[in-house]
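K.L.:
My structure file my_file17.cif, mmCIF, C-alpha atoms, is below:
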data_structure
loop_
_atom_site.group_PDB
_atom_site.id
_atom_site.type_symbol
_atom_site.label_atom_id
_atom_site.label_comp_id
_atom_site.auth_asym_id
_atom_site.auth_seq_id
_atom_site.Cartn_x
_atom_site.Cartn_y
_atom_site.Cartn_z
ATOM 1 C CA MET A 598 150.579 95.544 123.178
ATOM 2 C CA LEU A 599 146.876 95.348 123.789
ATOM 3 C CA HIS A 600 145.562 92.530 125.914
ATOM 4 C CA GLU A 601 142.092 91.021 125.517
ATOM 5 C CA ARG A 602 141.240 90.178 129.081
ATOM 6 C CA THR A 603 137.953 88.443 128.353
ATOM 7 C CA VAL A 604 139.693 85.536 126.649
ATOM 8 C CA PRO A 605 139.535 82.074 128.284
ATOM 9 C CA ILE A 606 139.983 81.915 132.000
ATOM 10 C CA HIS A 607 139.948 78.147 132.037
ATOM 11 C CA ARG A 608 142.799 76.889 134.162
ATOM 12 C CA PRO A 609 141.783 78.092 137.654
ATOM 13 C CA ARG A 610 138.569 76.577 138.973
ATOM 14 C CA PRO A 611 135.854 79.235 139.180
ATOM 15 C CA LYS A 612 134.700 80.118 142.672
ATOM 16 C CA ARG A 613 131.045 79.983 141.671
ATOM 17 C CA ARG A 614 129.554 77.229 139.521
ATOM 18 C CA PHE A 615 126.160 75.987 138.583
ATOM 19 C CA PRO A 616 125.136 73.046 140.736
ATOM 20 C CA ARG A 617 126.110 69.806 138.938
ATOM 21 C CA GLY A 618 122.462 68.961 138.301
ATOM 22 C CA MET A 619 121.820 72.322 136.657
ATOM 23 C CA ALA A 620 124.717 71.780 134.221
ATOM 24 C CA VAL A 621 123.194 68.445 133.220
ATOM 25 C CA LEU A 622 119.814 70.096 132.683
ATOM 26 C CA THR A 623 121.447 72.691 130.431
ATOM 27 C CA VAL A 624 122.942 70.027 128.176
ATOM 28 C CA VAL A 625 119.768 67.945 128.083
ATOM 29 C CA ALA A 626 117.586 70.946 127.261
ATOM 30 C CA ILE A 627 119.762 72.080 124.384
ATOM 31 C CA ALA A 628 120.201 68.522 123.086
ATOM 32 C CA ALA A 629 116.435 68.220 122.997
ATOM 33 C CA GLY A 630 116.403 71.063 120.479
ATOM 34 C CA VAL A 631 116.101 74.210 122.570
ATOM 35 C CA LEU A 632 118.247 76.339 120.283
ATOM 36 C CA GLY A 633 117.027 79.734 121.494
ATOM 37 C CA TYR A 634 116.931 80.992 125.027
ATOM 38 C CA SER A 635 117.665 78.152 127.417
ATOM 39 C CA VAL A 636 115.219 78.811 130.227
ATOM 40 C CA LEU A 637 117.313 77.481 133.076
ATOM 41 C CA ARG A 638 117.176 79.639 136.126
ATOM 42 C CA SER A 639 118.242 79.450 139.724
ATOM 43 C CA ASN A 640 117.361 81.903 142.449
ATOM 44 C CA ALA A 641 120.585 83.821 141.838
ATOM 45 C CA ASP A 642 121.473 83.344 138.158
ATOM 46 C CA PRO A 643 119.838 84.557 134.931
ATOM 47 C CA ALA A 644 119.208 82.188 132.052
ATOM 48 C CA THR A 645 121.800 81.013 129.592
ATOM 49 C CA ARG A 646 121.253 82.572 126.163
ATOM 50 C CA VAL A 647 121.705 80.623 122.940
ATOM 51 C CA ALA A 648 121.293 81.745 119.330
ATOM 52 C CA THR A 649 121.541 79.489 116.276
ATOM 53 C CA VAL A 650 121.555 80.155 112.554
ATOM 54 C CA VAL A 651 122.036 77.506 109.864
ATOM 55 C CA LEU A 652 122.085 78.667 106.250
ATOM 56 C CA ASP A 653 121.760 76.052 103.513
ATOM 57 C CA ARG A 654 123.693 77.631 100.634
ATOM 58 C CA GLU A 655 122.221 75.153 98.173
ATOM 59 C CA SER A 656 118.641 76.281 98.794
ATOM 60 C CA GLY A 657 119.522 79.780 99.988
ATOM 61 C CA GLU A 658 117.307 79.280 103.050
ATOM 62 C CA LYS A 659 118.013 79.623 106.746
ATOM 63 C CA VAL A 660 116.859 76.161 107.811
ATOM 64 C CA VAL A 661 117.397 77.139 111.441
ATOM 65 C CA ARG A 662 117.119 80.651 112.832
ATOM 66 C CA THR A 663 116.628 81.159 116.545
ATOM 67 C CA HIS A 664 117.372 84.566 118.068
ATOM 68 C CA GLY A 665 119.452 85.416 115.016
ATOM 69 C CA ASP A 666 119.352 89.151 115.821
ATOM 70 C CA GLU A 667 120.348 88.747 119.495
ATOM 71 C CA GLN A 668 123.688 90.427 120.282
ATOM 72 C CA PHE A 669 126.521 88.485 121.945
ATOM 73 C CA ARG A 670 130.093 89.312 122.853
ATOM 74 C CA MET A 671 132.111 87.908 119.935
ATOM 75 C CA ALA A 672 135.211 86.828 121.885
ATOM 76 C CA SER A 673 137.717 85.278 119.455
ATOM 77 C CA VAL A 674 135.198 85.077 116.615
ATOM 78 C CA VAL A 675 136.086 88.745 116.006
ATOM 79 C CA LYS A 676 139.405 87.483 114.633
ATOM 80 C CA LEU A 677 137.465 86.822 111.431
ATOM 81 C CA LEU A 678 136.997 90.580 111.077
ATOM 82 C CA ILE A 679 140.589 91.354 112.072
ATOM 83 C CA ALA A 680 141.846 88.962 109.383
ATOM 84 C CA LEU A 681 139.341 90.077 106.749
ATOM 85 C CA ASP A 682 140.252 93.728 107.294
ATOM 86 C CA ALA A 683 143.972 92.988 106.949
ATOM 87 C CA ILE A 684 143.536 90.931 103.778
ATOM 88 C CA VAL A 685 140.712 92.768 102.004
ATOM 89 C CA GLU A 686 140.884 96.366 103.240
ATOM 90 C CA LYS A 687 144.632 96.634 103.882
ATOM 91 C CA GLY A 688 145.606 94.328 101.036
ATOM 92 C CA THR A 689 148.169 92.359 103.048
ATOM 93 C CA ARG A 690 150.345 90.250 100.705
ATOM 94 C CA GLU A 691 153.609 89.602 102.554
ATOM 95 C CA LYS A 692 154.129 85.900 103.221
ATOM 96 C CA ALA A 693 155.280 86.465 106.791
ATOM 97 C CA GLU A 694 152.202 88.559 107.560
ATOM 98 C CA LEU A 695 149.847 86.048 105.930
ATOM 99 C CA ALA A 696 151.485 83.290 107.995
ATOM 100 C CA LYS A 697 150.684 85.244 111.155
ATOM 101 C CA ILE A 698 147.067 85.686 110.051
ATOM 102 C CA HIS A 699 146.893 81.941 109.358
ATOM 103 C CA ARG A 700 148.092 81.199 112.892
ATOM 104 C CA MET A 701 145.750 83.788 114.427
ATOM 105 C CA LEU A 702 142.779 82.021 112.824
ATOM 106 C CA SER A 703 143.834 78.381 113.057
ATOM 107 C CA ALA A 704 145.273 78.510 116.588
ATOM 108 C CA SER A 705 143.255 81.527 117.784
ATOM 109 C CA ASP A 706 146.473 83.331 118.693
ATOM 110 C CA ASP A 707 145.660 86.344 120.872
ATOM 111 C CA GLY A 708 149.112 87.929 120.610
ATOM 112 C CA ILE A 709 148.832 88.246 116.846
ATOM 113 C CA ALA A 710 145.281 89.564 117.190
ATOM 114 C CA ASN A 711 146.545 92.213 119.628
ATOM 115 C CA THR A 712 149.200 93.359 117.152
ATOM 116 C CA LEU A 713 146.895 93.558 114.136
ATOM 117 C CA TRP A 714 144.117 95.195 116.154
ATOM 118 C CA SER A 715 146.456 97.930 117.378
ATOM 119 C CA ARG A 716 148.206 98.440 114.032
ATOM 120 C CA ASN A 717 145.056 98.623 111.914
ATOM 121 C CA GLY A 718 142.958 100.984 113.987
ATOM 122 C CA GLY A 719 141.293 98.926 116.711
ATOM 123 C CA PRO A 720 137.528 99.578 116.696
ATOM 124 C CA ASP A 721 137.809 101.059 113.195
ATOM 125 C CA ILE A 722 138.363 97.486 111.976
ATOM 126 C CA VAL A 723 134.864 96.576 113.108
ATOM 127 C CA THR A 724 133.335 99.739 111.673
ATOM 128 C CA ARG A 725 135.008 99.215 108.280
ATOM 129 C CA SER A 726 134.069 95.542 108.141
ATOM 130 C CA ALA A 727 130.455 96.209 109.107
ATOM 131 C CA ALA A 728 130.152 98.816 106.332
ATOM 132 C CA LEU A 729 131.884 96.582 103.781
ATOM 133 C CA ILE A 730 129.705 93.536 104.435
ATOM 134 C CA GLY A 731 126.517 95.336 105.444
ATOM 135 C CA LEU A 732 126.386 94.027 108.998
ATOM 136 C CA ARG A 733 123.392 95.451 110.856
ATOM 137 C CA HIS A 734 124.102 94.591 114.487
ATOM 138 C CA THR A 735 127.884 94.379 114.857
ATOM 139 C CA THR A 736 129.316 97.001 117.191
ATOM 140 C CA PRO A 737 132.910 97.886 118.219
ATOM 141 C CA PRO A 738 133.896 97.553 121.888
ATOM 142 C CA THR A 739 133.492 100.617 124.069
ATOM 143 C CA ASP A 740 136.971 99.967 125.504
ATOM 144 C CA ARG A 741 139.056 100.205 122.315
ATOM 145 C CA GLY A 742 141.688 97.768 123.614
ATOM 146 C CA ARG A 743 139.261 94.919 124.285
ATOM 147 C CA TRP A 744 138.648 93.432 120.837
ATOM 148 C CA GLY A 745 136.811 90.427 122.286
ATOM 149 C CA ASP A 746 134.084 92.741 123.604
ATOM 150 C CA THR A 747 132.944 93.501 120.052
ATOM 151 C CA THR A 748 129.278 92.496 119.840
ATOM 152 C CA SER A 749 127.516 90.780 116.976
ATOM 153 C CA THR A 750 124.645 88.439 116.139
ATOM 154 C CA ALA A 751 124.297 84.986 114.607
ATOM 155 C CA ASP A 752 122.731 86.610 111.523
ATOM 156 C CA ASP A 753 125.687 88.962 111.089
ATOM 157 C CA ILE A 754 128.280 86.239 111.598
ATOM 158 C CA ALA A 755 126.519 84.104 108.972
ATOM 159 C CA ALA A 756 126.729 87.159 106.692
ATOM 160 C CA ILE A 757 130.499 87.351 107.279
ATOM 161 C CA TYR A 758 130.917 83.790 106.020
ATOM 162 C CA THR A 759 128.636 84.499 103.055
ATOM 163 C CA TYR A 760 130.816 87.480 102.135
ATOM 164 C CA VAL A 761 134.077 85.534 102.487
ATOM 165 C CA LEU A 762 132.770 82.720 100.277
ATOM 166 C CA LYS A 763 132.162 85.256 97.473
ATOM 167 C CA LEU A 764 135.672 86.722 97.554
ATOM 168 C CA PRO A 765 138.174 86.012 94.754
ATOM 169 C CA LYS A 766 139.799 82.610 95.235
ATOM 170 C CA THR A 767 143.147 83.836 96.581
ATOM 171 C CA LYS A 768 141.670 86.051 99.286
ATOM 172 C CA ARG A 769 138.973 83.483 100.062
ATOM 173 C CA ASN A 770 141.585 80.798 100.639
ATOM 174 C CA GLN A 771 143.730 83.089 102.782
ATOM 175 C CA LEU A 772 140.781 83.339 105.158
ATOM 176 C CA LEU A 773 139.269 79.852 104.903
ATOM 177 C CA THR A 774 142.346 77.603 104.708
ATOM 178 C CA PRO A 775 143.323 78.311 108.335
ATOM 179 C CA LEU A 776 139.725 77.599 109.382
ATOM 180 C CA ARG A 777 139.862 74.272 107.543
ATOM 181 C CA GLN A 778 143.128 73.564 109.361
ATOM 182 C CA SER A 779 141.892 74.676 112.783
ATOM 183 C CA ALA A 780 144.226 73.326 115.459
ATOM 184 C CA LYS A 781 142.846 70.910 118.035
ATOM 185 C CA THR A 782 144.565 72.943 120.739
ATOM 186 C CA ALA A 783 144.566 76.748 120.653
ATOM 187 C CA ALA A 784 147.679 78.851 121.213
ATOM 188 C CA ASP A 785 146.700 79.282 124.873
ATOM 189 C CA GLY A 786 146.196 75.518 125.384
ATOM 190 C CA PHE A 787 142.391 75.501 125.155
ATOM 191 C CA ASP A 788 140.674 72.573 123.416
ATOM 192 C CA GLN A 789 138.970 73.978 120.313
ATOM 193 C CA ARG A 790 137.245 70.776 119.198
ATOM 194 C CA PHE A 791 133.816 71.565 120.597
ATOM 195 C CA GLY A 792 130.611 72.417 118.769
ATOM 196 C CA ILE A 793 130.901 72.031 114.990
ATOM 197 C CA PRO A 794 134.091 69.878 114.929
ATOM 198 C CA ALA A 795 132.697 67.526 117.587
ATOM 199 C CA ALA A 796 129.295 67.174 115.916
ATOM 200 C CA PHE A 797 130.318 67.113 112.243
ATOM 201 C CA GLY A 798 133.901 65.917 112.288
ATOM 202 C CA ASP A 799 133.081 63.202 109.741
ATOM 203 C CA ARG A 800 132.445 65.919 107.125
ATOM 204 C CA PRO A 801 134.530 68.757 105.719
ATOM 205 C CA VAL A 802 134.428 71.661 108.184
ATOM 206 C CA ALA A 803 136.011 75.092 108.544
ATOM 207 C CA VAL A 804 135.621 76.678 111.973
ATOM 208 C CA LYS A 805 136.334 79.739 114.066
ATOM 209 C CA GLN A 806 135.595 79.175 117.711
ATOM 210 C CA GLY A 807 135.207 81.686 120.510
ATOM 211 C CA TRP A 808 135.334 81.493 124.284
ATOM 212 C CA ALA A 809 135.585 84.107 127.002
ATOM 213 C CA ALA A 810 134.980 84.518 130.719
ATOM 214 C CA GLY A 811 134.578 87.615 132.831
ATOM 215 C CA ARG A 812 132.583 90.823 133.085
ATOM 216 C CA GLY A 813 129.453 88.979 134.135
ATOM 217 C CA ALA A 814 129.316 86.163 131.574
ATOM 218 C CA VAL A 815 130.927 83.045 130.158
ATOM 219 C CA ASP A 816 130.700 82.801 126.363
ATOM 220 C CA ALA A 817 131.215 79.788 124.094
ATOM 221 C CA HIS A 818 130.691 80.073 120.337
ATOM 222 C CA THR A 819 131.130 77.709 117.415
ATOM 223 C CA THR A 820 130.924 79.127 113.892
ATOM 224 C CA GLY A 821 131.865 77.971 110.430
ATOM 225 C CA LEU A 822 131.170 75.886 107.357
ATOM 226 C CA VAL A 823 129.966 72.285 107.163
ATOM 227 C CA GLY A 824 129.711 69.821 104.290
ATOM 228 C CA GLU A 825 130.916 69.325 100.734
ATOM 229 C CA ASP A 826 131.375 72.598 98.861
ATOM 230 C CA ASP A 827 130.769 74.453 102.153
ATOM 231 C CA ARG A 828 127.055 73.801 101.806
ATOM 232 C CA TYR A 829 126.061 74.955 105.293
ATOM 233 C CA ILE A 830 126.980 78.043 107.277
ATOM 234 C CA VAL A 831 126.495 77.193 110.967
ATOM 235 C CA VAL A 832 126.593 79.707 113.820
ATOM 236 C CA ILE A 833 125.856 78.822 117.451
ATOM 237 C CA LEU A 834 126.443 81.542 120.058
ATOM 238 C CA SER A 835 125.988 81.110 123.801
ATOM 239 C CA SER A 836 126.344 83.247 126.900
ATOM 240 C CA SER A 837 126.062 81.733 130.395
ATOM 241 C CA PRO A 838 126.100 83.333 133.846
ATOM 242 C CA GLU A 839 129.503 84.168 135.297
ATOM 243 C CA GLY A 840 130.764 81.229 137.334
ATOM 244 C CA THR A 841 129.725 78.623 134.783
ATOM 245 C CA GLY A 842 132.685 76.404 133.903
ATOM 246 C CA LEU A 843 133.983 76.750 130.351
ATOM 247 C CA THR A 844 133.853 72.970 129.996
ATOM 248 C CA GLU A 845 130.145 73.062 130.830
ATOM 249 C CA ALA A 846 129.590 75.916 128.369
ATOM 250 C CA THR A 847 131.414 74.225 125.484
ATOM 251 C CA THR A 848 129.715 70.879 126.214
ATOM 252 C CA ALA A 849 126.341 72.604 125.909
ATOM 253 C CA VAL A 850 127.382 74.131 122.579
ATOM 254 C CA THR A 851 128.402 70.692 121.323
ATOM 255 C CA ALA A 852 124.987 69.365 122.361
ATOM 256 C CA ALA A 853 123.343 72.214 120.446
ATOM 257 C CA ALA A 854 125.330 71.309 117.344
ATOM 258 C CA LEU A 855 124.444 67.621 117.697
ATOM 259 C CA SER A 856 120.763 68.523 118.080
ATOM 260 C CA LEU A 857 120.698 69.993 114.584
ATOM 261 C CA GLY A 858 120.589 66.399 113.388
ATOM 262 C CA SER A 859 118.783 65.881 110.086
ATOM 263 C CA ARG A 860 118.581 69.621 109.407
ATOM 264 C CA ILE A 861 122.130 69.369 108.115
ATOM 265 C CA ALA A 862 122.067 66.709 105.390
ATOM 266 C CA GLY A 863 125.041 64.427 104.860
#
Please express the file's structure as structure tokens.

P.N.:
Amino acid sequence: MLHERTVPIHRPRPKRRFPRGMAVLTVVAIAAGVLGYSVLRSNADPATRVATVVLDRESGEKVVRTHGDEQFRMASVVKLLIALDAIVEKGTREKAELAKIHRMLSASDDGIANTLWSRNGGPDIVTRSAALIGLRHTTPPTDRGRWGDTTSTADDIAAIYTYVLKLPKTKRNQLLTPLRQSAKTAADGFDQRFGIPAAFGDRPVAVKQGWAAGRGAVDAHTTGLVGEDDRYIVVILSSSPEGTGLTEATTAVTAAALSLGSRIAG
């Protein structure tokens, strides 16, 4: 079995953390509407990076696009591609297999992702999906066992949702129903209700979250659909310096979602 070692390291306290005041500044800056690079530096740490794309499907316009072509480690957001490849490219139809895919997406189950990644060709999943959808900046991991190290951009992830929404109803629902039923608590015990669910929980939402720590960064991503008839595609990606607490990172992502405010109509 392949193990994705960049997935949430959230139970032990990190040895290095931003000073408490710096974490507050991060949240305040993003909440004020800084949806691109968050220019928060200390003498030792680089800046947190944030990218945001909001596509209004009614108008066809990206009403927000900040650093949409900036690459980030996908973490568990890559499970969208693992599931899409199994359902669309491999034509998975068995109920037991579809139930596993549902759990992988709704509860972000890493064990199921490991199995499907290994069985269906690992990095080839990313290559096939990128060609199928026309993704311009989505790249397989260099270590073929580390699916969470796949890199992508907010633009490309928005394109994934656009593609899924155009699939035939059965396949579309196999991918989106688990996102609409996203569990509050992930399979590993992590609280998934940050970002989109926290900011827009009074509206219909479908989400795939991502979080990872290690190899020099802490990532927290919130991606999905918001509103009646899935009007908005929302993607917020963030990467903070290693040592940042995951709670701080996800709180900042929630602030970024809240700061979208009137740009996402009721």

K.L.:
Starting from the displayed file, determine the output of the PyMOL selection byres ((chain A and resi 800) around 12) and express the residue list as an mmCIF file with C-alpha atoms, in the frame of the given file.

P.N.:
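Saved to expr-v9.cif:
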data_model
loop_
_atom_site.group_PDB
_atom_site.id
_atom_site.type_symbol
_atom_site.label_atom_id
_atom_site.label_comp_id
_atom_site.auth_asym_id
_atom_site.auth_seq_id
_atom_site.Cartn_x
_atom_site.Cartn_y
_atom_site.Cartn_z
ATOM 1 C CA ARG A 777 139.862 74.272 107.543
ATOM 2 C CA ILE A 793 130.901 72.031 114.990
ATOM 3 C CA PRO A 794 134.091 69.878 114.929
ATOM 4 C CA ALA A 795 132.697 67.526 117.587
ATOM 5 C CA ALA A 796 129.295 67.174 115.916
ATOM 6 C CA PHE A 797 130.318 67.113 112.243
ATOM 7 C CA GLY A 798 133.901 65.917 112.288
ATOM 8 C CA ASP A 799 133.081 63.202 109.741
ATOM 9 C CA PRO A 801 134.530 68.757 105.719
ATOM 10 C CA VAL A 802 134.428 71.661 108.184
ATOM 11 C CA ALA A 803 136.011 75.092 108.544
ATOM 12 C CA LEU A 822 131.170 75.886 107.357
ATOM 13 C CA VAL A 823 129.966 72.285 107.163
ATOM 14 C CA GLY A 824 129.711 69.821 104.290
ATOM 15 C CA GLU A 825 130.916 69.325 100.734
ATOM 16 C CA ASP A 826 131.375 72.598 98.861
ATOM 17 C CA ASP A 827 130.769 74.453 102.153
ATOM 18 C CA ARG A 828 127.055 73.801 101.806
ATOM 19 C CA TYR A 829 126.061 74.955 105.293
ATOM 20 C CA ILE A 861 122.130 69.369 108.115
ATOM 21 C CA ALA A 862 122.067 66.709 105.390
ATOM 22 C CA GLY A 863 125.041 64.427 104.860
#

K.L.:
What is the atom CA of Pro838 of chain A to atom CA of Leu678 of chain A distance in Å?

P.N.:
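Distance reported for this atom pair: 26.3 Å.
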
K.L.:
Name the closest residue to Val674 of chain A among the candidates A:Ala817, A:Ile709, A:Ala728, A:Ala696; distances are taken between atoms, counting all atoms listed in the file.

P.N.:
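Smallest separation from Val674 of chain A among the options: A:Ala817.
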
K.L.:
Which is closer to Ala780 of chain A than all the others in A:Thr820, A:Lys763, A:Val850, A:Ala704, using only C-alpha atoms?

P.N.:
A:Ala704

K.L.:
Under the rule that only C-alpha atoms are counted, which of A:Leu772, A:Ala644, A:Ala814, A:Ala853 is the nearest residue to Leu702 of chain A?

P.N.:
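For Leu702 of chain A, the nearest of the given residues is A:Leu772.
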
K.L.:
Considering only C-alpha atoms, state which residue in the set A:Arg670, A:Arg790, A:Arg654, A:Lys687 is at the smallest distance from Leu762 of chain A.

P.N.:
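So, comparing all the options, the nearest one is A:Arg654.
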
K.L.:
Can you list what the PyMOL selection byres ((chain A and resi 805) around 9) grabs from this structure, as number ranges by chain?

P.N.:
A: 673-674, 676-677, 702-703, 705, 776, 779, 789, 803-804, 806-807, 818-821

K.L.:
If we count all atoms listed in the file, what is near Arg716 of chain A at a cut-off of 10 Å, once residues fewer than 4 positions away on the same chain are taken out, given as a PDB file with C-alpha atoms, in the coordinates of the input?

P.N.:
ATOM      1  CA  MET A 598     150.579  95.544 123.178  1.00  0.00           C
ATOM      2  CA  ALA A 683     143.972  92.988 106.949  1.00  0.00           C
ATOM      3  CA  ALA A 710     145.281  89.564 117.190  1.00  0.00           C
ATOM      4  CA  ASN A 711     146.545  92.213 119.628  1.00  0.00           C
ATOM      5  CA  THR A 712     149.200  93.359 117.152  1.00  0.00           C
TER       6      THR A 712
END

K.L.:
Please identify all polymer residues lying at most 9 Å from the point (133.2, 96.6, 118.4) (file coordinates), using only C-alpha atoms, and present the result as a ChimeraX atom specification.

P.N.:
/A:671,675,719-724,735-741,743-749

K.L.:
Nearest residue to Leu652 of chain A out of A:Asp707, A:Thr774, A:Glu667, A:Tyr758, using only C-alpha atoms?

P.N.:
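Distance minimum relative to Leu652 of chain A lands on A:Tyr758.
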
K.L.:
Separation of atom CA of Ala672 of chain A and atom CA of Ile698 of chain A, in Å?

P.N.:
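Going from atom CA of Ala672 of chain A over to atom CA of Ile698 of chain A, I get 16.8 Å.
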
K.L.:
Hey, can you check how far atom CA of Gly858 of chain A sits from atom CA of Asp653 of chain A?

P.N.:
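Atom-to-atom, atom CA of Gly858 of chain A and atom CA of Asp653 of chain A are spaced 13.9 Å apart.
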
K.L.:
So that I can check the surroundings of Thr750 of chain A, please list as number ranges by chain every protein, DNA and RNA residue that reaches within 6 Å of it, counting only C-alpha atoms and ignoring chain neighbours fewer than 2 positions away.

P.N.:
A: 666-668, 752-753

K.L.:
With C-alpha atoms retained, export the selected residues as a PDB file, keeping the file's coordinate frame.

P.N.:
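Generated output (again17.pdb):
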ATOM      1  CA  ASP A 666     119.352  89.151 115.821  1.00  0.00           C
ATOM      2  CA  GLU A 667     120.348  88.747 119.495  1.00  0.00           C
ATOM      3  CA  GLN A 668     123.688  90.427 120.282  1.00  0.00           C
ATOM      4  CA  ASP A 752     122.731  86.610 111.523  1.00  0.00           C
ATOM      5  CA  ASP A 753     125.687  88.962 111.089  1.00  0.00           C
TER       6      ASP A 753
END

K.L.:
Please identify all polymer residues within 10 Å of Arg725 of chain A, counting all atoms listed in the file, omitting same-chain residues fewer than 5 positions from it, and present them as a PyMOL selection string.

P.N.:
chain A and resi 678+682+686+718+720+730-731

K.L.:
Could you write out that same residue set with C-alpha atoms as a short mmCIF file (atom, residue, chain, number, x, y, z; two decimals), keeping the file's coordinate frame?

P.N.:
data_model
loop_
_atom_site.label_atom_id
_atom_site.label_comp_id
_atom_site.auth_asym_id
_atom_site.auth_seq_id
_atom_site.Cartn_x
_atom_site.Cartn_y
_atom_site.Cartn_z
CA LEU A 678 137.00 90.58 111.08
CA ASP A 682 140.25 93.73 107.29
CA GLU A 686 140.88 96.37 103.24
CA GLY A 718 142.96 100.98 113.99
CA PRO A 720 137.53 99.58 116.70
CA ILE A 730 129.71 93.54 104.44
CA GLY A 731 126.52 95.34 105.44
#

K.L.:
Apply the PyMOL selection byres ((chain A and resi 837) around 9) to the displayed file and report the matching residues as a list in words.

P.N.:
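For this structure, the PyMOL selection byres ((chain A and resi 837) around 9) resolves to Pro643, Ala644, Thr645, Arg646, Val647, Gly813, Ala814, Val815, Asp816, Ala817, Ser835, Ser836, Pro838, Glu839, Gly840, Thr841 and Ala846 of chain A.
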
K.L.:
Please put the answer as AutoDock Vina command-line options: centre and edge lengths, in Å with one decimal, of a box along x, y and z that encloses all listed atoms of segment 783-802 of chain A plus 4 Å on each side.

P.N.:
--center_x 138.5 --center_y 71.2 --center_z 115.6 --size_x 26.4 --size_y 24.1 --size_z 27.7
